[in-house]
Every structure is written in C-alpha cells, then in structure tokens.
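Inspection log for the structure reproduced underneath, given as structure tokens.
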Amino acid sequence: MTERKDDRLWGGRFEGEPNAQFDAFQRSFAFDRLLLSYEIKVDQAWAKALEPIGILSTEEVQQTLTALKKILKRAQTDTAWFEKLAAGAEDVHHFVEKALTEELGPLGWKLHTGRSRNELVATDFRLFVIDAVSSMQYLLGGLLRALLLQAKTNLGVPMAGMTHMQHAQPILLSHFLLAHAEAFIRDIARLERAALSADACPMGSGALAGNSFAIDRDAIARELGFSRVTANSLDAVSDRDFALDYLFALAGIATHLSRLAEDFVIFASQEFSYVTLPDAFSTGSSLMPQKKNPDAWELIRGKTGRITGALVGLLTTLKGLPTSYQRDLQEDKEGLFTAHDQIADMLSVAAGAIAATKFNADRLCTAASNPALLATEAADYLVRKGIPFRQAHDIVGKVLREAEKQNVAWTALPLDILKTISPAFEADFAKSFSVDAALAAKKVRGGTAPDAVRAAIADLEARLNKKATTGAKP
Ligand code: ARG
C-alpha cells in the first residue's frame, strides 16, 4: 500500500475527524519538540538495527540516515519549514515521520517497524535527562567555584556563628561559605545517581510486550551510549523513576539555593549589613528612592516552590497508574523541562551574585567580637583546670549573670569577684579569651580554625576537580 488516507500515526481504524479542541489538547509537540535531536539519534540507531533483520536494505538504511540528518539540520535552520510541518504534528515522533516521508516517500514508513512511541518517548526522555545532568553539574561547578573564591579571598574574616538565629560562637566567614559548598557538592553526587537510573535503553520493548523481529537491543543501546538495556518491556514503557530522580536532584539544588538565598537576604538587611548587595544583581523600588533590594536571592528562594512542585506533580501523576504505558505519562515532560530551565538560571544567577558580593569585614568582625560568644571558651578553660563540664557550664552562667548585674562585659570582671564564684579562676583567665584563640582552638578536621578551613578549601577544590563539572554547557 502506498496510499494513506491521512498522515496521522493511527488514522486507519477511525472514520470521523477528531474534535478540534480535543485534538489540540492531546498534542505534545509544543513541548516535546525539545526532544527532537534525541528522537533523530534513536531513529538512526533503529534504522541501523533494521538492516540485519532484513527490514531495510543497506541502501535504504543509508537513505534513511541521510534523510534524518537532513531533517535535524533543516529543523535548526529553516524556521518556515519547521513551523509548517509542526502545525500538523501530534508529537515529536509524528513530526519526524512526517518529515521522513516528505523526504523519502513510502520508505519513510518502514522505520516504525516493530516499534512504538511508548518506547521511543521513554528512550528520548532518558537521553535528555542524561545530558541535562551533565549540564547541571557544569553549572553547579560554576557556583562552587564562586563560593570557593570568596572563601579564599575572605580567609581570616570572623563572623558570629549562629544557632536558632542567636549568636553562638565565632566562626570564619570562609567556614560559613564552605558549609554551603558542601551541600552543592552533594547535589553533584545526587545528579550522578539520576543519570545512573536513566542509563538503560528501552528500545526493543515495543508498545509493552517486546519486539517480534529479533532486534539487537544491545547494539541499539551501545549505539546510543547507554550502558545497559531495560530488563522488562512492560516496566520500560511505564517507568519514569529516572525523571523522578532527576526532579529530586533538582529539588535538592533548589532547596540548597533557597537556604543560601535566605542567608544573603538576611545578611543584606540593615540590621545585619554583613554584605553589600551588588548593583548588578539587585533592583530598586519605584516608590522609595533609597531602596536596593535583594531580588536575585528572593527570586531564587521563590522559584524553589515550583521546582518542588514539579517533583510532587510527577509523583502524583504516577501514583495511580495501572502497569504499562498510559497517556497520563505525557504529563511527565513539561514540569521537568521547566524545572531544568529554571534551575539552570537560578544556578547562574546565584554564581554571579556570589562572585559580585562584597562582604563587610568590619561588621562581621564586630559581631564576632561580642564577648558573649566566648562563654563556651570560658567553660572549656575551667574544664582544662579539672572541673567537670556540667559544673563549669554552671559556673560560667553565674559569671555571666554577675556581669549582667554589674553591666560590664564578663571578660572585664576582676579576678577577686571571679574567685568568689569559683576558686578555679586564676590570673591567666582574662588573657585567655579572644576571637582568634577561640577560632584557632577549633582545629579538629571540619572545624573552623584557619588551618582547618585552609585544608577544607584544598580538599573541596580537589573533590570538585575530580567531579564531572567540566561537562557540557547547557
Ligand atoms: N506524546 C506521547 C508522550 O509524550 C508519546 C507516546 C504516545 N503513545 C501513544 N500510544 N499515544 O507520552
């Protein structure tokens, strides 16, 4: 048969025309066109696999491969042609088949032998996720490098470390920046795991039951760069765990970015003034001329909602599905594509804003220099004199209360008063406490002592260089 009554992929058993609104409603080309280059790659691998099983001759394979290459090129360069063909395309699979038959005539219809869009879409989408992971790792690398550079530039600047948003103990600003860096390093690893779950090729699964033409699944997988094939055809057409894993990794990045954003929004407030917002990453108010607002950070924090929403959305779509392909699965793509684009922007903006931020060393240092932050050091002093910690904690509490009563800093209390609280206090007490000494004491690995932080910077740099952050630019 060389005649077809219409160019739909499934028109044969239908008599009537589809309802126009429903027809538009069921199409996915508006968003799955993003998968076009992957679709073409899969088509090329499939064309080659059809030769050894006698469906395509060597010449037909060559003709098909050449046509597919031409279609991709034309789609990227000839907008008028693309839009005309797109207008009638149900999805990316339909688009390529239309373009292929336009190019090759009935030969174009042979390519779909033994295969289904159900396996095609799963394969294209997996390939997209694998590439998306490496572009996201590249962007994470950029943010990490910006954090590391600030950590190095500001090495030595102390700040008031907080818990419960209350001043707690002095730490180095660099230590604080590296805390955020650790979270983003974990994101790189989480992305890697998402790529691993995407790394299995569904082609050969058919619509649900497998392939009757003894197609060489391993060869197709190899050709496409997958390291394995999916194990069960029914699972292969319904599994979207790789998309969930990628969205989970994106939600993790968003959450970490949002926390970073929150810190900088607070630090930029007049009460803190720890940072001066860079003009290039801030906006003003249409009413209040003096305002400079941390919009870059606020938008990053705000956009986190929709990233998490995309993860929850797909989980919800999947939860009630019967085994096998269901059309609901078409809903897997838009949320992920948008989340991917948003995170890419969020990471680039965050990296730019971090790099351009000026830290106000004086303010940070003043906050760190409040003697109250050294109270734990005083307890440690008594512990070194042989007093059990709980008792030492109690004694220092009394010292603080006395200082409060006298309205002086506790470090200014004379020795005779201190001795009435505990005989363990000696003449070296007053001299024992400084921000520098408190910092230097935390020299344990992972602590905030300058030497430990220097080592952490070197270690982080080494780990970053080992990770795949030099991958593809998005
Ligand atoms: N556009 C569909 C999707 O995104 C492709 C698969 C359609 N399969 C089908 N039998 N209708 O999931």
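Every chain in the structure tokens has a letter given in the order shown (A, B, ...), and although residue numbers restart at 1 in each chain, ligands are simply numbered from 1 in the order shown.
Environment of ligand 1, defined as every protein or nucleic acid residue with an atom within 6 Å of it and counting only C-alpha atoms and all ligand atoms, comprises Ser28, Asp91, Arg117, Asn118, Val121, Arg327, Leu329 and Gln330 of chain A.
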Selection export as a CSV table (one decimal), in the first residue's frame, atoms kept: N, CA and C atoms:
chain,number,residue,atom,x,y,z
A,28,SER,N,1.4,17.0,21.9
A,28,SER,CA,2.5,17.3,22.8
A,28,SER,C,3.7,18.0,22.1
A,91,ASP,N,3.1,14.9,17.9
A,91,ASP,CA,4.2,14.9,18.8
A,91,ASP,C,5.5,14.8,18.0
A,117,ARG,N,5.7,4.4,19.9
A,117,ARG,CA,6.1,5.7,20.5
A,117,ARG,C,6.3,5.6,22.0
A,118,ASN,N,5.7,4.5,22.6
A,118,ASN,CA,5.8,4.3,24.0
A,118,ASN,C,7.3,4.1,24.4
A,121,VAL,N,9.4,7.5,23.4
A,121,VAL,CA,9.4,8.6,24.2
A,121,VAL,C,10.2,8.4,25.5
A,327,ARG,N,-1.6,7.3,28.8
A,327,ARG,CA,-1.3,8.6,28.2
A,327,ARG,C,-1.0,9.7,29.2
A,329,LEU,N,1.2,9.6,31.1
A,329,LEU,CA,2.7,9.8,31.1
A,329,LEU,C,3.2,10.9,30.3
A,330,GLN,N,2.4,11.4,29.3
A,330,GLN,CA,2.8,12.5,28.5
A,330,GLN,C,3.0,13.8,29.4
List every residue of region 103-214 of chain A that has an atom at most 12 Å from any atom of region 218-229 of chain A, giving for each one its closest atom pair and the distance in Å to one decimal, counting only C-alpha atoms, sorted by chain and then by ascending residue number, as JSON lines.
{"residue": "A:Glu119", "atom": "CA", "partner": "A:Val229", "partner_atom": "CA", "distance": 11.9}
{"residue": "A:Thr123", "atom": "CA", "partner": "A:Leu224", "partner_atom": "CA", "distance": 9.5}
{"residue": "A:Asp124", "atom": "CA", "partner": "A:Leu224", "partner_atom": "CA", "distance": 10.1}
{"residue": "A:Arg126", "atom": "CA", "partner": "A:Phe226", "partner_atom": "CA", "distance": 9.5}
{"residue": "A:Leu127", "atom": "CA", "partner": "A:Leu224", "partner_atom": "CA", "distance": 8.4}
{"residue": "A:Phe128", "atom": "CA", "partner": "A:Leu224", "partner_atom": "CA", "distance": 11.8}
{"residue": "A:Ile130", "atom": "CA", "partner": "A:Phe226", "partner_atom": "CA", "distance": 9.6}
{"residue": "A:Asp131", "atom": "CA", "partner": "A:Gly225", "partner_atom": "CA", "distance": 11.2}
{"residue": "A:Ala195", "atom": "CA", "partner": "A:Phe226", "partner_atom": "CA", "distance": 10.5}
{"residue": "A:Leu196", "atom": "CA", "partner": "A:Ser227", "partner_atom": "CA", "distance": 9.4}
{"residue": "A:Ser197", "atom": "CA", "partner": "A:Arg228", "partner_atom": "CA", "distance": 10.6}
{"residue": "A:Ala198", "atom": "CA", "partner": "A:Phe226", "partner_atom": "CA", "distance": 8.8}
{"residue": "A:Asp199", "atom": "CA", "partner": "A:Phe226", "partner_atom": "CA", "distance": 5.4}
{"residue": "A:Ala200", "atom": "CA", "partner": "A:Val229", "partner_atom": "CA", "distance": 4.7}
{"residue": "A:Cys201", "atom": "CA", "partner": "A:Val229", "partner_atom": "CA", "distance": 4.4}
{"residue": "A:Pro202", "atom": "CA", "partner": "A:Val229", "partner_atom": "CA", "distance": 6.2}
{"residue": "A:Met203", "atom": "CA", "partner": "A:Ile220", "partner_atom": "CA", "distance": 7.3}
{"residue": "A:Gly204", "atom": "CA", "partner": "A:Ile220", "partner_atom": "CA", "distance": 8.7}
{"residue": "A:Ser205", "atom": "CA", "partner": "A:Val229", "partner_atom": "CA", "distance": 9.7}
{"residue": "A:Ala214", "atom": "CA", "partner": "A:Asp218", "partner_atom": "CA", "distance": 11.4}
Mind dumping the selected residues with C-alpha atoms as an mmCIF file, in the first residue's frame?
data_model
loop_
_atom_site.group_PDB
_atom_site.id
_atom_site.type_symbol
_atom_site.label_atom_id
_atom_site.label_comp_id
_atom_site.auth_asym_id
_atom_site.auth_seq_id
_atom_site.Cartn_x
_atom_site.Cartn_y
_atom_site.Cartn_z
ATOM 1 C CA GLU A 119 9.383 3.077 23.984
ATOM 2 C CA THR A 123 14.248 6.487 25.357
ATOM 3 C CA ASP A 124 14.332 10.114 24.182
ATOM 4 C CA ARG A 126 16.203 9.211 29.264
ATOM 5 C CA LEU A 127 18.752 10.640 26.842
ATOM 6 C CA PHE A 128 17.545 14.142 27.678
ATOM 7 C CA ILE A 130 21.478 12.119 30.959
ATOM 8 C CA ASP A 131 22.542 15.276 29.076
ATOM 9 C CA ALA A 195 21.946 9.824 35.374
ATOM 10 C CA LEU A 196 22.603 6.256 36.505
ATOM 11 C CA SER A 197 18.914 5.491 36.748
ATOM 12 C CA ALA A 198 18.316 6.995 33.295
ATOM 13 C CA ASP A 199 21.111 4.874 31.852
ATOM 14 C CA ALA A 200 19.126 1.910 30.451
ATOM 15 C CA CYS A 201 17.757 1.666 26.916
ATOM 16 C CA PRO A 202 14.065 0.794 26.465
ATOM 17 C CA MET A 203 14.238 0.302 22.652
ATOM 18 C CA GLY A 204 13.013 -3.176 21.783
ATOM 19 C CA SER A 205 10.251 -3.049 24.385
ATOM 20 C CA ALA A 214 14.729 -10.272 16.912
#
Long-range neighbours of Ile55 (chain A) as an MDAnalysis selection string, 9 Å cut-off, only C-alpha atoms, 3 positions minimum in chain: chainID A and resid 50:52 110:111 113 213
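Taking CA of Phe337 (chain A) and CA of Ala20 (chain A) as the two end points, the separation is 26.5 Å.
You can rank A:Ser258, A:Thr357, A:Thr153, A:Ser134 by their closest distance to Tyr246 (chain A) using only C-alpha atoms, and at the top of that list sits A:Ser134.
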Close residues, Glu262 (chain A) itself excluded, 9 Å, only C-alpha atoms, min 6 positions apart in chain, as a ChimeraX atom specification: /A:297-298,301
All helix (DSSP H, G or I) positions in region 34-103 of chain A, as JSON, numbers by chain: {"A": [34, 35, 36, 37, 38, 39, 40, 41, 42, 43, 44, 45, 46, 47, 48, 49, 50, 58, 59, 60, 61, 62, 63, 64, 65, 66, 67, 68, 69, 70, 71, 72, 73, 74, 75, 76, 77, 79, 80, 81, 82, 83, 84, 85, 86, 87, 92, 93, 94, 95, 96, 97, 98, 99, 100, 101, 102, 103]}
Contacts of Leu315 (chain A) at 10 Å (only C-alpha atoms; same-chain gap of 3+ positions) as a PyMOL selection string: chain A and resi 240-241+243-244+247+309-312+318-320+332
Suppose we keep N, CA, C and O atoms; can you now write the selection as a short mmCIF file (atom, residue, chain, number, x, y, z; two decimals), in the first residue's frame?
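After the write, selection39.cif holds the following:
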data_model
loop_
_atom_site.label_atom_id
_atom_site.label_comp_id
_atom_site.auth_asym_id
_atom_site.auth_seq_id
_atom_site.Cartn_x
_atom_site.Cartn_y
_atom_site.Cartn_z
N ARG A 240 9.07 5.90 35.05
CA ARG A 240 9.58 7.28 34.97
C ARG A 240 10.41 7.61 36.22
O ARG A 240 10.57 8.77 36.59
N ASP A 241 10.97 6.57 36.84
CA ASP A 241 11.77 6.81 38.04
C ASP A 241 12.98 7.69 37.75
O ASP A 241 13.39 8.49 38.58
N ALA A 243 13.07 10.15 35.78
CA ALA A 243 12.62 11.55 35.78
C ALA A 243 12.39 12.02 37.22
O ALA A 243 12.74 13.15 37.58
N LEU A 244 11.84 11.12 38.04
CA LEU A 244 11.66 11.47 39.45
C LEU A 244 13.01 11.73 40.11
O LEU A 244 13.17 12.68 40.88
N LEU A 247 14.25 15.06 39.04
CA LEU A 247 13.50 16.13 39.70
C LEU A 247 13.85 16.22 41.19
O LEU A 247 13.91 17.31 41.76
N GLY A 309 7.36 21.68 43.34
CA GLY A 309 6.04 21.38 42.78
C GLY A 309 6.13 20.42 41.61
O GLY A 309 5.30 19.52 41.47
N ALA A 310 7.17 20.56 40.79
CA ALA A 310 7.31 19.67 39.63
C ALA A 310 7.55 18.23 40.11
O ALA A 310 7.01 17.28 39.52
N LEU A 311 8.33 18.08 41.16
CA LEU A 311 8.57 16.73 41.71
C LEU A 311 7.28 16.14 42.25
O LEU A 311 6.91 15.02 41.92
N VAL A 312 6.58 16.92 43.05
CA VAL A 312 5.33 16.44 43.65
C VAL A 312 4.30 16.18 42.54
O VAL A 312 3.55 15.20 42.60
N LEU A 318 2.03 9.79 38.67
CA LEU A 318 2.40 8.38 38.57
C LEU A 318 1.65 7.48 39.54
O LEU A 318 1.48 6.29 39.30
N LYS A 319 1.18 8.08 40.63
CA LYS A 319 0.77 7.21 41.74
C LYS A 319 -0.40 6.28 41.45
O LYS A 319 -0.46 5.17 41.95
N GLY A 320 -1.31 6.67 40.58
CA GLY A 320 -2.48 5.82 40.39
C GLY A 320 -2.46 5.04 39.08
O GLY A 320 -3.47 4.46 38.69
N ASP A 332 4.70 13.93 31.94
CA ASP A 332 5.98 13.84 32.66
C ASP A 332 6.97 14.92 32.23
O ASP A 332 7.92 15.21 32.95
#
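Shortest separation to Asp187 (chain A) among A:Trp10, A:Phe248, A:Phe22, A:Phe242 occurs at residue A:Phe248, atoms counted being only C-alpha atoms.
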Going by DSSP on the backbone, which bits of region 23-266 of chain A are strand (DSSP E)? Write them as a PDB file with C-alpha atoms, in the first residue's frame, please.
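Full text of part-v1.pdb as output:
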ATOM      1  CA  PRO A 158      35.494  36.126  61.537  1.00  0.00           C
ATOM      2  CA  MET A 159      31.737  36.252  61.933  1.00  0.00           C
ATOM      3  CA  ALA A 160      29.220  35.442  64.635  1.00  0.00           C
ATOM      4  CA  GLY A 161      28.158  31.849  64.049  1.00  0.00           C
ATOM      5  CA  MET A 162      24.520  31.343  64.974  1.00  0.00           C
ATOM      6  CA  THR A 163      22.138  28.618  66.012  1.00  0.00           C
ATOM      7  CA  GLN A 166      21.068  33.637  68.070  1.00  0.00           C
ATOM      8  CA  HIS A 167      24.758  34.467  68.234  1.00  0.00           C
ATOM      9  CA  ALA A 168      26.545  31.331  69.366  1.00  0.00           C
ATOM     10  CA  GLN A 169      30.293  31.061  68.696  1.00  0.00           C
ATOM     11  CA  PRO A 170      32.768  32.812  66.428  1.00  0.00           C
ATOM     12  CA  ILE A 171      33.416  31.111  63.101  1.00  0.00           C
ATOM     13  CA  LEU A 172      35.248  32.107  59.961  1.00  0.00           C
TER      14      LEU A 172
END
For region 57-60 of chain A: contacts at 12 Å, only C-alpha atoms, fewer than 4 positions along chain excluded, given as a list in words: Gln44, Ala47, Lys48, Ala49, Leu50, Glu51, Pro52, Ile53, Thr64, Leu65, Thr66, Ala67, Leu104, Gly105, Pro106, Leu107, Gly108, Trp109, Lys110 and Leu111 of chain A
Would you export the selected residues with N, CA and C atoms as a short mmCIF file (atom, residue, chain, number, x, y, z; two decimals), in the first residue's frame, please?
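Final file, part-v3.cif:
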data_model
loop_
_atom_site.label_atom_id
_atom_site.label_comp_id
_atom_site.auth_asym_id
_atom_site.auth_seq_id
_atom_site.Cartn_x
_atom_site.Cartn_y
_atom_site.Cartn_z
N GLN A 44 18.08 6.93 14.09
CA GLN A 44 19.27 6.48 13.34
C GLN A 44 19.72 5.11 13.84
N ALA A 47 17.22 2.53 12.59
CA ALA A 47 17.38 2.25 11.15
C ALA A 47 18.51 1.23 10.95
N LYS A 48 19.61 1.45 11.64
CA LYS A 48 20.74 0.52 11.51
C LYS A 48 20.36 -0.87 12.00
N ALA A 49 19.57 -0.92 13.07
CA ALA A 49 19.20 -2.23 13.64
C ALA A 49 18.21 -2.97 12.75
N LEU A 50 17.54 -2.25 11.85
CA LEU A 50 16.56 -2.92 10.97
C LEU A 50 17.24 -3.64 9.79
N GLU A 51 18.51 -3.34 9.55
CA GLU A 51 19.20 -3.97 8.42
C GLU A 51 19.50 -5.46 8.66
N PRO A 52 20.17 -5.82 9.75
CA PRO A 52 20.48 -7.24 9.94
C PRO A 52 19.25 -8.14 10.01
N ILE A 53 18.08 -7.57 10.34
CA ILE A 53 16.88 -8.43 10.40
C ILE A 53 16.06 -8.33 9.11
N THR A 64 17.85 6.46 4.69
CA THR A 64 17.15 6.90 5.92
C THR A 64 18.06 7.75 6.79
N LEU A 65 19.31 7.30 6.95
CA LEU A 65 20.25 8.04 7.79
C LEU A 65 20.50 9.44 7.23
N THR A 66 20.69 9.50 5.92
CA THR A 66 20.93 10.80 5.29
C THR A 66 19.73 11.71 5.47
N ALA A 67 18.54 11.16 5.28
CA ALA A 67 17.32 11.97 5.42
C ALA A 67 17.18 12.47 6.86
N LEU A 104 11.43 10.88 1.82
CA LEU A 104 11.73 9.57 1.23
C LEU A 104 10.53 8.87 0.61
N GLY A 105 9.33 9.45 0.75
CA GLY A 105 8.14 8.74 0.27
C GLY A 105 7.88 7.54 1.18
N PRO A 106 7.26 6.46 0.62
CA PRO A 106 6.84 5.32 1.44
C PRO A 106 7.97 4.66 2.25
N LEU A 107 9.22 4.83 1.82
CA LEU A 107 10.33 4.26 2.59
C LEU A 107 10.33 4.79 4.03
N GLY A 108 9.90 6.05 4.17
CA GLY A 108 9.84 6.67 5.49
C GLY A 108 8.93 5.93 6.46
N TRP A 109 7.94 5.20 5.92
CA TRP A 109 7.00 4.48 6.78
C TRP A 109 7.58 3.18 7.31
N LYS A 110 8.69 2.74 6.74
CA LYS A 110 9.27 1.46 7.18
C LYS A 110 9.94 1.56 8.54
N LEU A 111 10.41 2.79 8.86
CA LEU A 111 11.23 2.94 10.06
C LEU A 111 10.49 2.54 11.34
#
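Across A:Asn370, A:Gln150, A:Gln406, A:Ser37, the tightest approach to Gly352 (chain A) is made by A:Gln150 when counting only C-alpha atoms.
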Separation of CA of Ile185 (chain A) from CA of Gly141 (chain A) in Å: 8.5 Å
